[in-house]
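Here's model-v2.csv, which has CSV, C-alpha atoms and all ligand atoms:
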```
chain,number,residue,atom,x,y,z
A,1,MET,CA,-16.1,-19.4,-0.4
A,2,LYS,CA,-18.1,-20.5,-3.4
A,3,SER,CA,-17.7,-17.3,-5.4
A,4,ARG,CA,-15.7,-17.1,-8.6
A,5,ILE,CA,-12.9,-14.7,-7.6
A,6,GLY,CA,-11.0,-12.7,-10.1
A,7,TRP,CA,-7.7,-11.0,-9.1
A,8,ILE,CA,-6.0,-8.3,-11.2
A,9,GLY,CA,-2.6,-6.9,-10.0
A,10,LEU,CA,0.2,-9.3,-9.0
A,11,GLY,CA,2.9,-6.9,-7.6
A,12,LYS,CA,4.7,-7.2,-4.3
A,13,MET,CA,1.4,-7.2,-2.4
A,14,GLY,CA,-1.0,-8.8,-4.9
A,15,VAL,CA,1.0,-12.0,-5.1
A,16,PRO,CA,1.0,-13.0,-1.4
A,17,MET,CA,-2.6,-11.8,-1.0
A,18,ALA,CA,-3.9,-13.8,-3.9
A,19,LEU,CA,-1.8,-16.8,-2.8
A,20,ASN,CA,-3.5,-16.7,0.6
A,21,LEU,CA,-6.9,-16.9,-1.2
A,22,CYS,CA,-5.6,-20.0,-3.1
A,23,GLY,CA,-4.4,-21.4,0.2
A,24,ALA,CA,-7.8,-21.1,1.6
A,25,GLY,CA,-9.3,-23.1,-1.2
A,26,ALA,CA,-10.9,-20.3,-3.1
A,27,ASP,CA,-11.7,-20.5,-6.8
A,28,VAL,CA,-9.2,-17.9,-8.0
A,29,THR,CA,-8.5,-16.7,-11.6
A,30,VAL,CA,-5.7,-14.1,-12.0
A,31,PHE,CA,-4.5,-11.6,-14.6
A,32,ASN,CA,-1.4,-9.3,-14.5
A,33,ARG,CA,-0.1,-7.0,-17.1
A,34,SER,CA,3.4,-8.6,-16.8
A,35,ARG,CA,2.4,-12.2,-17.4
A,36,GLU,CA,5.4,-13.8,-15.8
A,37,LYS,CA,4.3,-12.6,-12.3
A,38,SER,CA,1.3,-15.0,-12.5
A,39,ARG,CA,3.5,-18.0,-12.3
A,40,PRO,CA,3.5,-18.5,-8.5
A,41,LEU,CA,-0.3,-18.2,-8.6
A,42,CYS,CA,-0.7,-20.8,-11.3
A,43,ASP,CA,1.7,-23.1,-9.4
A,44,ALA,CA,-0.7,-22.7,-6.4
A,45,GLY,CA,-3.7,-23.7,-8.4
A,46,ALA,CA,-5.1,-20.4,-9.7
A,47,ASN,CA,-6.4,-20.2,-13.2
A,48,LEU,CA,-5.0,-17.6,-15.7
A,49,ALA,CA,-7.3,-15.3,-17.6
A,50,PRO,CA,-6.2,-14.1,-21.1
A,51,ASN,CA,-7.0,-10.4,-20.2
A,52,ALA,CA,-8.7,-8.2,-17.6
A,53,SER,CA,-12.0,-7.9,-19.5
A,54,VAL,CA,-12.5,-11.7,-19.8
A,55,LEU,CA,-11.7,-12.0,-16.1
A,56,ALA,CA,-14.1,-9.3,-15.2
A,57,ALA,CA,-16.9,-10.9,-17.1
A,58,GLN,CA,-16.5,-14.3,-15.4
A,59,SER,CA,-16.0,-13.1,-11.8
A,60,ASP,CA,-18.6,-12.9,-9.0
A,61,VAL,CA,-16.1,-10.9,-7.0
A,62,LEU,CA,-13.3,-9.0,-8.8
A,63,PHE,CA,-10.3,-7.8,-6.7
A,64,THR,CA,-7.8,-5.2,-8.0
A,65,MET,CA,-4.5,-4.5,-6.3
A,66,LEU,CA,-2.7,-1.9,-8.6
A,67,SER,CA,-0.1,0.8,-8.2
A,68,ASP,CA,-1.9,4.1,-8.4
A,69,ASP,CA,-4.7,6.2,-9.8
A,70,ALA,CA,-3.4,5.9,-13.4
A,71,ALA,CA,-3.2,2.1,-13.2
A,72,LEU,CA,-6.7,1.8,-11.7
A,73,ARG,CA,-8.2,4.1,-14.4
A,74,GLN,CA,-6.4,2.2,-17.1
A,75,VAL,CA,-7.5,-1.2,-15.9
A,76,LEU,CA,-11.1,-0.4,-15.0
A,77,LEU,CA,-12.3,2.7,-16.8
A,78,GLY,CA,-12.6,3.9,-20.4
A,79,ASP,CA,-13.4,2.2,-23.6
A,80,THR,CA,-11.1,-0.7,-22.9
A,81,GLY,CA,-11.7,-0.8,-19.2
A,82,ALA,CA,-12.8,-4.0,-17.4
A,83,LEU,CA,-15.6,-2.5,-15.3
A,84,LYS,CA,-18.2,-2.5,-18.1
A,85,GLU,CA,-17.6,-6.3,-18.6
A,86,MET,CA,-18.7,-7.2,-15.1
A,87,ARG,CA,-22.2,-8.6,-14.6
A,88,LYS,CA,-24.9,-6.7,-12.8
A,89,GLY,CA,-24.7,-7.3,-9.0
A,90,ALA,CA,-21.1,-8.5,-9.0
A,91,ILE,CA,-18.8,-7.0,-6.4
A,92,LEU,CA,-15.7,-5.0,-7.2
A,93,VAL,CA,-13.1,-4.9,-4.3
A,94,ASP,CA,-10.3,-2.5,-5.0
A,95,MET,CA,-7.5,-2.8,-2.5
A,96,SER,CA,-5.0,-0.3,-4.0
A,97,THR,CA,-4.0,2.9,-2.3
A,98,VAL,CA,-5.6,5.5,-4.6
A,99,SER,CA,-7.1,9.0,-4.3
A,100,PRO,CA,-10.7,9.6,-3.2
A,101,THR,CA,-11.1,11.4,-6.5
A,102,VAL,CA,-10.4,8.5,-8.8
A,103,SER,CA,-12.2,6.2,-6.4
A,104,SER,CA,-15.4,8.4,-6.8
A,105,GLU,CA,-15.0,8.1,-10.6
A,106,VAL,CA,-14.9,4.3,-10.3
A,107,ALA,CA,-18.0,4.5,-7.9
A,108,GLU,CA,-20.0,6.5,-10.4
A,109,ILE,CA,-19.3,4.1,-13.3
A,110,ALA,CA,-19.8,1.0,-11.1
A,111,ASN,CA,-23.2,2.4,-10.1
A,112,THR,CA,-24.1,2.9,-13.8
A,113,PHE,CA,-23.4,-0.8,-14.4
A,114,GLY,CA,-25.3,-2.0,-11.3
A,115,LEU,CA,-22.1,-3.2,-9.6
A,116,ARG,CA,-21.4,-3.2,-5.9
A,117,TYR,CA,-18.1,-1.4,-5.1
A,118,LEU,CA,-16.0,-1.8,-2.0
A,119,ARG,CA,-13.1,0.5,-1.5
A,120,SER,CA,-10.8,-1.8,0.5
A,121,PRO,CA,-7.3,-0.5,1.0
A,122,VAL,CA,-5.0,-2.3,3.4
A,123,SER,CA,-2.6,-1.4,6.1
A,124,GLY,CA,0.5,-3.6,6.5
A,125,SER,CA,3.6,-4.6,4.6
A,126,VAL,CA,4.6,-7.4,2.3
A,127,ALA,CA,5.5,-9.5,5.3
A,128,LEU,CA,2.1,-9.1,6.8
A,129,ALA,CA,0.5,-9.8,3.4
A,130,GLU,CA,2.5,-13.1,3.3
A,131,SER,CA,1.3,-14.1,6.8
A,132,GLY,CA,-2.3,-13.0,6.1
A,133,ALA,CA,-2.1,-10.4,8.9
A,134,LEU,CA,-3.1,-7.3,7.0
A,135,THR,CA,-5.8,-4.9,8.2
A,136,VAL,CA,-8.5,-4.1,5.7
A,137,MET,CA,-10.5,-0.9,5.9
A,138,ALA,CA,-13.5,-0.9,3.7
A,139,SER,CA,-16.2,1.5,2.7
A,140,GLY,CA,-19.1,1.0,0.4
A,141,PRO,CA,-22.3,-1.1,0.6
A,142,ILE,CA,-22.4,-2.9,3.9
A,143,GLY,CA,-24.2,-5.9,2.4
A,144,ALA,CA,-21.4,-6.4,-0.1
A,145,PHE,CA,-18.9,-6.1,2.8
A,146,GLU,CA,-20.7,-8.8,4.7
A,147,GLU,CA,-20.8,-11.0,1.7
A,148,VAL,CA,-17.0,-10.9,1.0
A,149,ARG,CA,-16.0,-10.8,4.6
A,150,SER,CA,-14.9,-14.4,4.7
A,151,ILE,CA,-12.8,-13.9,1.5
A,152,LEU,CA,-11.2,-10.8,3.1
A,153,GLY,CA,-10.6,-12.9,6.2
A,154,ALA,CA,-8.4,-15.3,4.2
A,155,LEU,CA,-6.0,-12.5,3.4
A,156,SER,CA,-6.2,-10.3,6.4
A,157,ALA,CA,-6.4,-10.5,10.2
A,158,ARG,CA,-8.9,-7.6,10.7
A,159,GLN,CA,-11.6,-6.1,8.6
A,160,PHE,CA,-13.3,-2.8,9.3
A,161,HIS,CA,-16.3,-1.3,7.6
A,162,VAL,CA,-15.8,2.5,8.0
A,163,GLY,CA,-18.5,4.1,5.8
A,164,ASP,CA,-20.5,3.9,2.6
A,165,GLN,CA,-18.5,6.3,0.4
A,166,GLU,CA,-14.8,7.2,0.2
A,167,GLN,CA,-14.0,7.0,3.9
A,168,ALA,CA,-11.7,4.0,3.6
A,169,ARG,CA,-9.6,6.0,1.1
A,170,VAL,CA,-9.2,8.9,3.4
A,171,LEU,CA,-8.4,6.6,6.4
A,172,LYS,CA,-5.8,4.7,4.5
A,173,LEU,CA,-4.0,7.9,3.4
A,174,SER,CA,-4.1,9.2,7.0
A,175,ILE,CA,-2.5,6.0,8.3
A,176,ASN,CA,0.2,6.1,5.6
A,177,MET,CA,0.9,9.7,6.5
A,178,MET,CA,1.6,8.5,10.0
A,179,VAL,CA,3.7,5.6,8.7
A,180,GLY,CA,5.8,8.1,6.7
A,181,PHE,CA,6.2,10.4,9.8
A,182,THR,CA,7.5,7.4,11.7
A,183,ALA,CA,10.5,7.0,9.4
A,184,ALA,CA,11.2,10.7,9.7
A,185,MET,CA,10.9,10.9,13.5
A,186,ILE,CA,13.2,7.9,13.9
A,187,GLY,CA,15.7,9.5,11.5
A,188,GLU,CA,15.8,12.8,13.3
A,189,ALA,CA,16.1,11.0,16.7
A,190,LEU,CA,18.9,8.8,15.5
A,191,ALA,CA,20.8,11.8,13.9
A,192,LEU,CA,20.6,13.6,17.2
A,193,GLY,CA,21.7,10.6,19.2
A,194,LEU,CA,24.5,9.6,16.9
A,195,LYS,CA,25.9,13.1,16.8
A,196,ASN,CA,26.0,13.1,20.6
A,197,GLY,CA,27.8,9.9,21.2
A,198,LEU,CA,25.0,7.2,21.3
A,199,ASP,CA,25.4,3.9,19.6
A,200,ARG,CA,23.0,3.2,16.7
A,201,THR,CA,22.1,-0.3,17.7
A,202,THR,CA,21.7,0.6,21.4
A,203,MET,CA,19.4,3.5,20.4
A,204,LEU,CA,17.3,1.3,18.2
A,205,ASP,CA,17.0,-1.3,21.0
A,206,VAL,CA,15.8,1.3,23.4
A,207,ILE,CA,13.5,3.0,21.0
A,208,GLY,CA,11.9,-0.4,20.3
A,209,ALA,CA,11.3,-0.9,24.0
A,210,SER,CA,10.1,2.7,24.6
A,211,ALA,CA,6.7,4.5,24.7
A,212,VAL,CA,7.0,5.3,21.0
A,213,ALA,CA,7.5,1.7,19.9
A,214,SER,CA,4.7,0.5,17.6
A,215,PRO,CA,4.2,-2.6,15.5
A,216,LEU,CA,5.8,-0.7,12.6
A,217,VAL,CA,8.8,0.4,14.6
A,218,GLY,CA,9.1,-3.2,15.9
A,219,TYR,CA,9.3,-4.9,12.5
A,220,LYS,CA,11.7,-2.3,11.1
A,221,LEU,CA,14.3,-2.5,13.8
A,222,ASP,CA,16.3,-5.4,12.5
A,223,ALA,CA,16.3,-3.9,9.0
A,224,LEU,CA,17.5,-0.6,10.4
A,225,LYS,CA,20.3,-2.2,12.4
A,226,ALA,CA,21.4,-4.1,9.2
A,227,GLN,CA,20.9,-1.0,7.1
A,228,ASP,CA,18.8,-3.2,4.8
A,229,TYR,CA,16.5,-1.1,2.6
A,230,THR,CA,15.2,-4.0,0.4
A,231,PRO,CA,11.9,-2.4,-0.7
A,232,ALA,CA,8.8,-3.5,1.0
A,233,PHE,CA,7.3,-0.1,0.2
A,234,GLU,CA,9.4,2.1,-2.0
A,235,VAL,CA,10.3,5.8,-1.6
A,236,THR,CA,8.4,6.5,-4.9
A,237,GLN,CA,5.3,4.7,-3.5
A,238,MET,CA,5.4,6.8,-0.3
A,239,ALA,CA,5.9,10.0,-2.4
A,240,LYS,CA,2.8,9.0,-4.4
A,241,ASP,CA,0.8,8.6,-1.1
A,242,PHE,CA,2.0,11.9,0.2
A,243,ASP,CA,0.8,13.5,-3.0
A,244,LEU,CA,-2.6,11.9,-2.5
A,245,ILE,CA,-2.6,13.0,1.2
A,246,LEU,CA,-1.9,16.6,0.3
A,247,GLU,CA,-4.5,16.6,-2.5
A,248,ALA,CA,-7.1,15.3,-0.1
A,249,GLY,CA,-6.1,17.9,2.4
A,250,ARG,CA,-6.4,20.7,-0.1
A,251,LYS,CA,-9.8,19.5,-1.3
A,252,SER,CA,-11.1,19.5,2.3
A,253,ALA,CA,-9.3,22.7,3.3
A,254,VAL,CA,-7.3,20.8,6.0
A,255,PRO,CA,-3.9,22.4,6.4
A,256,MET,CA,-1.2,19.7,6.6
A,257,PRO,CA,2.1,21.5,7.1
A,258,MET,CA,3.9,18.5,8.5
A,259,ALA,CA,2.9,16.3,5.5
A,260,ALA,CA,3.8,19.1,3.1
A,261,GLN,CA,7.3,19.5,4.5
A,262,MET,CA,7.8,15.7,4.6
A,263,ARG,CA,6.8,15.4,0.9
A,264,GLU,CA,10.0,17.4,0.1
A,265,GLY,CA,12.1,14.8,1.9
A,266,TRP,CA,10.8,12.0,-0.5
A,267,SER,CA,11.9,14.2,-3.4
A,268,GLU,CA,15.3,14.7,-1.8
A,269,LEU,CA,15.7,10.9,-1.5
A,270,ILE,CA,14.6,10.4,-5.1
A,271,ALA,CA,17.1,13.0,-6.3
A,272,ASP,CA,19.8,11.2,-4.3
A,273,GLY,CA,19.1,8.0,-6.3
A,274,ASP,CA,17.1,6.2,-3.6
A,275,ALA,CA,13.8,6.1,-5.4
A,276,GLU,CA,13.5,2.3,-5.3
A,277,GLN,CA,14.8,1.8,-1.8
A,278,ASP,CA,12.4,1.1,1.1
A,279,PHE,CA,10.9,4.3,2.5
A,280,PHE,CA,12.7,3.8,5.8
A,281,LYS,CA,15.8,5.1,3.9
A,282,TYR,CA,14.4,8.4,5.2
A,283,VAL,CA,16.4,7.7,8.4
A,284,GLU,CA,19.6,8.0,6.5
A,285,LEU,CA,18.4,11.2,4.8
A,286,ALA,CA,18.1,12.6,8.3
A,287,THR,CA,21.6,11.6,9.3
A,288,ARG,CA,23.0,12.9,6.0
A,289,ARG,CA,21.4,16.2,6.6
A,290,ALA,CA,23.2,16.3,9.9
A,291,GLY,CA,26.5,15.8,8.1
A,292,MET,CA,27.0,12.1,9.1
A,293,ARG,CA,26.8,8.7,7.8
A,294,PHE,CA,24.1,6.5,9.4
A,295,ASP,CA,26.7,3.8,10.3
A,296,ASP,CA,29.1,6.2,12.0
A,297,ARG,CA,29.3,5.3,15.7
A,298,ARG,CA,30.5,8.5,17.2
A,299,GLU,CA,30.1,11.0,14.5
A,300,THR,CA,32.4,13.5,13.1
A,301,ALA,CA,31.2,15.5,10.1
A,302,ALA,CA,31.7,13.4,7.0
A,401,LIG,N1,4.0,-2.6,-0.7
A,401,LIG,C1,3.4,-2.3,0.4
A,401,LIG,O1,4.0,-2.5,1.5
A,401,LIG,C2,2.0,-1.8,0.4
A,401,LIG,C3,1.3,-1.8,1.6
A,401,LIG,C4,0.0,-1.4,1.6
A,401,LIG,C5,-0.6,-0.9,0.5
A,401,LIG,N2,0.1,-0.8,-0.7
A,401,LIG,C6,-0.5,-0.3,-1.9
A,401,LIG,O2,-0.9,-1.4,-2.6
A,401,LIG,C7,-0.8,-1.1,-4.0
A,401,LIG,C8,0.1,-2.2,-4.7
A,401,LIG,O3,1.4,-2.1,-4.1
A,401,LIG,P1,2.6,-3.1,-4.5
A,401,LIG,O4,3.6,-2.8,-3.5
A,401,LIG,O5,2.1,-4.5,-4.7
A,401,LIG,O6,3.0,-2.4,-5.9
A,401,LIG,P2,3.8,-3.0,-7.1
A,401,LIG,O7,4.7,-4.1,-6.6
A,401,LIG,O8,4.4,-1.9,-7.8
A,401,LIG,O9,2.7,-3.7,-8.0
A,401,LIG,C9,1.8,-2.8,-8.8
A,401,LIG,C10,0.9,-3.7,-9.6
A,401,LIG,O10,0.1,-2.8,-10.4
A,401,LIG,C11,0.2,-3.2,-11.8
A,401,LIG,N3,0.1,-2.1,-12.7
A,401,LIG,C12,0.7,-0.9,-12.6
A,401,LIG,N4,0.4,-0.1,-13.6
A,401,LIG,C13,-0.5,-0.8,-14.4
A,401,LIG,C14,-1.2,-0.5,-15.6
A,401,LIG,N5,-1.1,0.7,-16.2
A,401,LIG,N6,-2.0,-1.4,-16.1
A,401,LIG,C15,-2.1,-2.6,-15.5
A,401,LIG,N7,-1.4,-3.0,-14.4
A,401,LIG,C16,-0.6,-2.0,-13.8
A,401,LIG,C17,1.6,-3.9,-11.9
A,401,LIG,O11,1.6,-4.7,-13.0
A,401,LIG,P3,3.1,-5.1,-13.6
A,401,LIG,O12,3.5,-6.3,-12.8
A,401,LIG,O13,2.8,-5.4,-15.0
A,401,LIG,O14,4.0,-3.9,-13.4
A,401,LIG,C18,1.5,-4.7,-10.6
A,401,LIG,O15,0.7,-5.8,-10.7
A,401,LIG,C19,-0.3,0.3,-4.2
A,401,LIG,O16,-1.4,1.2,-4.3
A,401,LIG,C20,0.4,0.5,-2.8
A,401,LIG,O17,0.4,1.9,-2.5
A,401,LIG,C21,1.4,-1.3,-0.7
```
Would you mind writing the structure in this file as structure tokens?
Ligand SMILES: NC(=O)c1ccc[n+]([C@@H]2O[C@H](COP(=O)([O-])OP(=O)(O)OC[C@H]3O[C@@H](n4cnc5c(N)ncnc54)[C@H](OP(=O)(O)O)[C@@H]3O)[C@@H](O)[C@H]2O)c1
Amino acid sequence: MKSRIGWIGLGKMGVPMALNLCGAGADVTVFNRSREKSRPLCDAGANLAPNASVLAAQSDVLFTMLSDDAALRQVLLGDTGALKEMRKGAILVDMSTVSPTVSSEVAEIANTFGLRYLRSPVSGSVALAESGALTVMASGPIGAFEEVRSILGALSARQFHVGDQEQARVLKLSINMMVGFTAAMIGEALALGLKNGLDRTTMLDVIGASAVASPLVGYKLDALKAQDYTPAFEVTQMAKDFDLILEAGRKSAVPMPMAAQMREGWSELIADGDAEQDFFKYVELATRRAGMRFDDRRETAA
């Protein structure tokens, strides 16, 4: 890994991902809007850039891991955007979950400046980011993908190249839709079980050993038993992704009634004051809708 790597965006995911690059001995320079979040990276040997533009100009490979469309636009595009500072032939790897629409805008500008652009969102949680076990799905020029593959390998367990345009964006949104559905289906199953005399922990143990168990279900079981909603991925973040899913569906004339209905549940949680809780708080929404508390053992209406 001889490339000079730039990293913009040190949130819940960006910090552990960039730390894994430092741990692999890469030459990493970071920038984050809130400067204090750079500290763990500096402690791990990363350099600190004074701003995104300076970092873009000096990077062979520039990574971005930002909240949403607005953040990506603000950091990369426009008069003050960092994209125009990158040198011709450099590689931009955006790992944020953003819409195919904003990603196409980035692609167009990147093309104008002779940059190679990889849309590279990730599947996995903060815990998987920490252990370097994320899954990367990338689309864009295959040559650039092959060039950065060893860098991606330092922060992820699996890397897939899925197309040369916005395919990775669509795939990521599709996967997150299924992740969101998982919270809802467990919630409705628990509500039904609890109201009919089943014990919550017993149910979760059996679900975890059943045909519907998945890696996601597996690593959420303990948190669900403990009713621990420390956010790995917040309700507001999932609401944002469902907006992107529905927008992509509309643009492609793909009816998505389940996703549309579920989007309202995220609003319900936000209205209930759970915006910053982990999205698995949805299980409690389902039990509340059934007139119960999630921790009730044999439920009577609350
Ligand atoms: N958390 C997960 O489990 C997970 C899993 C897979 C994918 N993702 C996706 O990965 C991305 C990052 O997620 P995260 O959980 O790390 O989010 P996060 O903790 O909210 O971090 C967001 C990052 O974006 C930066 N940012 C936001 N608006 C900005 C702006 N206008 N200008 C400059 N920087 C801005 C933040 O800077 P400040 O520190 O200054 O606020 C921060 O570095 C999101 O697209 C998310 O959907 C998350």
All residues 10 Å or closer to range 129-146 of chain A, all atoms listed in the file, same chain fewer than 3 positions away omitted, as a VMD selection string: chain A and resid 12 to 21 61 89 to 95 107 116 to 126 149 to 169 171 to 172
Atomic separation - atom O6 of ligand LIG 401 (chain A) relative to CA of Ala82 in chain A, Å: 19.6 Å
Enclose the full set of atoms of ligand LIG 401 (chain A) listed in the file within a box whose edges lie along x, y and z, apply 4 Å of padding to each of the six sides, and report centre and edge lengths in Å to one decimal as AutoDock Vina command-line options.
```
--center_x 1.3 --center_y -2.2 --center_z -7.3 --size_x 14.8 --size_y 16.2 --size_z 25.8
```
A:Ala184, A:Ala232, A:Leu62, A:Leu198 ranked by distance to Arg263 in chain A, top pick (using all atoms listed in the file):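 With all atoms listed in the file as the atom set, the closest residue is A:Ala184.
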Straight-line distance linking atom N1 of ligand LIG 401 (chain A) with CA of Leu190 in chain A, stated in Å to one decimal: 24.8 Å
Distance criterion (all atoms listed in the file): nearest to ligand LIG 401 (chain A) out of A:Gln237, A:Ser3, A:Thr29, A:Gln227: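 Closest to ligand LIG 401 (chain A), using all atoms listed in the file: A:Gln237.
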Pick from A:Glu36, A:Glu284, A:Glu247, A:Asp79 nearest to Gly265 in chain A, counting all atoms listed in the file: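 Of A:Glu36, A:Glu284, A:Glu247, A:Asp79, the one nearest Gly265 in chain A, counting all atoms listed in the file, is A:Glu284.
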For CA of Met292 in chain A and CA of Thr230 in chain A, the interatomic separation in Å (one decimal): 21.8 Å
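Nearest-residue note for Gly11 in chain A: choosing from A:Ala213, A:Leu83, A:Val179, A:Phe233, the minimum distance belongs to A:Phe233, counting only C-alpha atoms.
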Neighbour list for Lys251 in chain A as a ChimeraX atom specification, cut-off 12 Å, only C-alpha atoms, skip fewer than 4 positions in-chain: /A:99-101,170,244-247,255-256
Proximity to Asp228 in chain A - best of A:Val283, A:Ala259, A:Ala209, A:Ala70, all atoms listed in the file: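 Closest to Asp228 in chain A of all the choices is A:Val283.
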Nearest-residue call for ligand LIG 401 (chain A), choices A:Ser210, A:Thr201, A:Gln74, A:Ser59, using all atoms listed in the file: A:Gln74
Which neighbours of Arg35 in chain A fall inside 10 Å, counting only C-alpha atoms, when residues of the same chain fewer than 4 positions from it are skipped, and could you give them as a PDB file with C-alpha atoms, in the coordinates of the input?
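What landed in part27.pdb:
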```
ATOM      1  CA  LEU A  10       0.200  -9.300  -9.000  1.00  0.00           C
ATOM      2  CA  VAL A  30      -5.700 -14.100 -12.000  1.00  0.00           C
ATOM      3  CA  PHE A  31      -4.500 -11.600 -14.600  1.00  0.00           C
ATOM      4  CA  ARG A  39       3.500 -18.000 -12.300  1.00  0.00           C
ATOM      5  CA  LEU A  48      -5.000 -17.600 -15.700  1.00  0.00           C
ATOM      6  CA  PRO A  50      -6.200 -14.100 -21.100  1.00  0.00           C
ATOM      7  CA  ASN A  51      -7.000 -10.400 -20.200  1.00  0.00           C
TER       8      ASN A  51
END
```
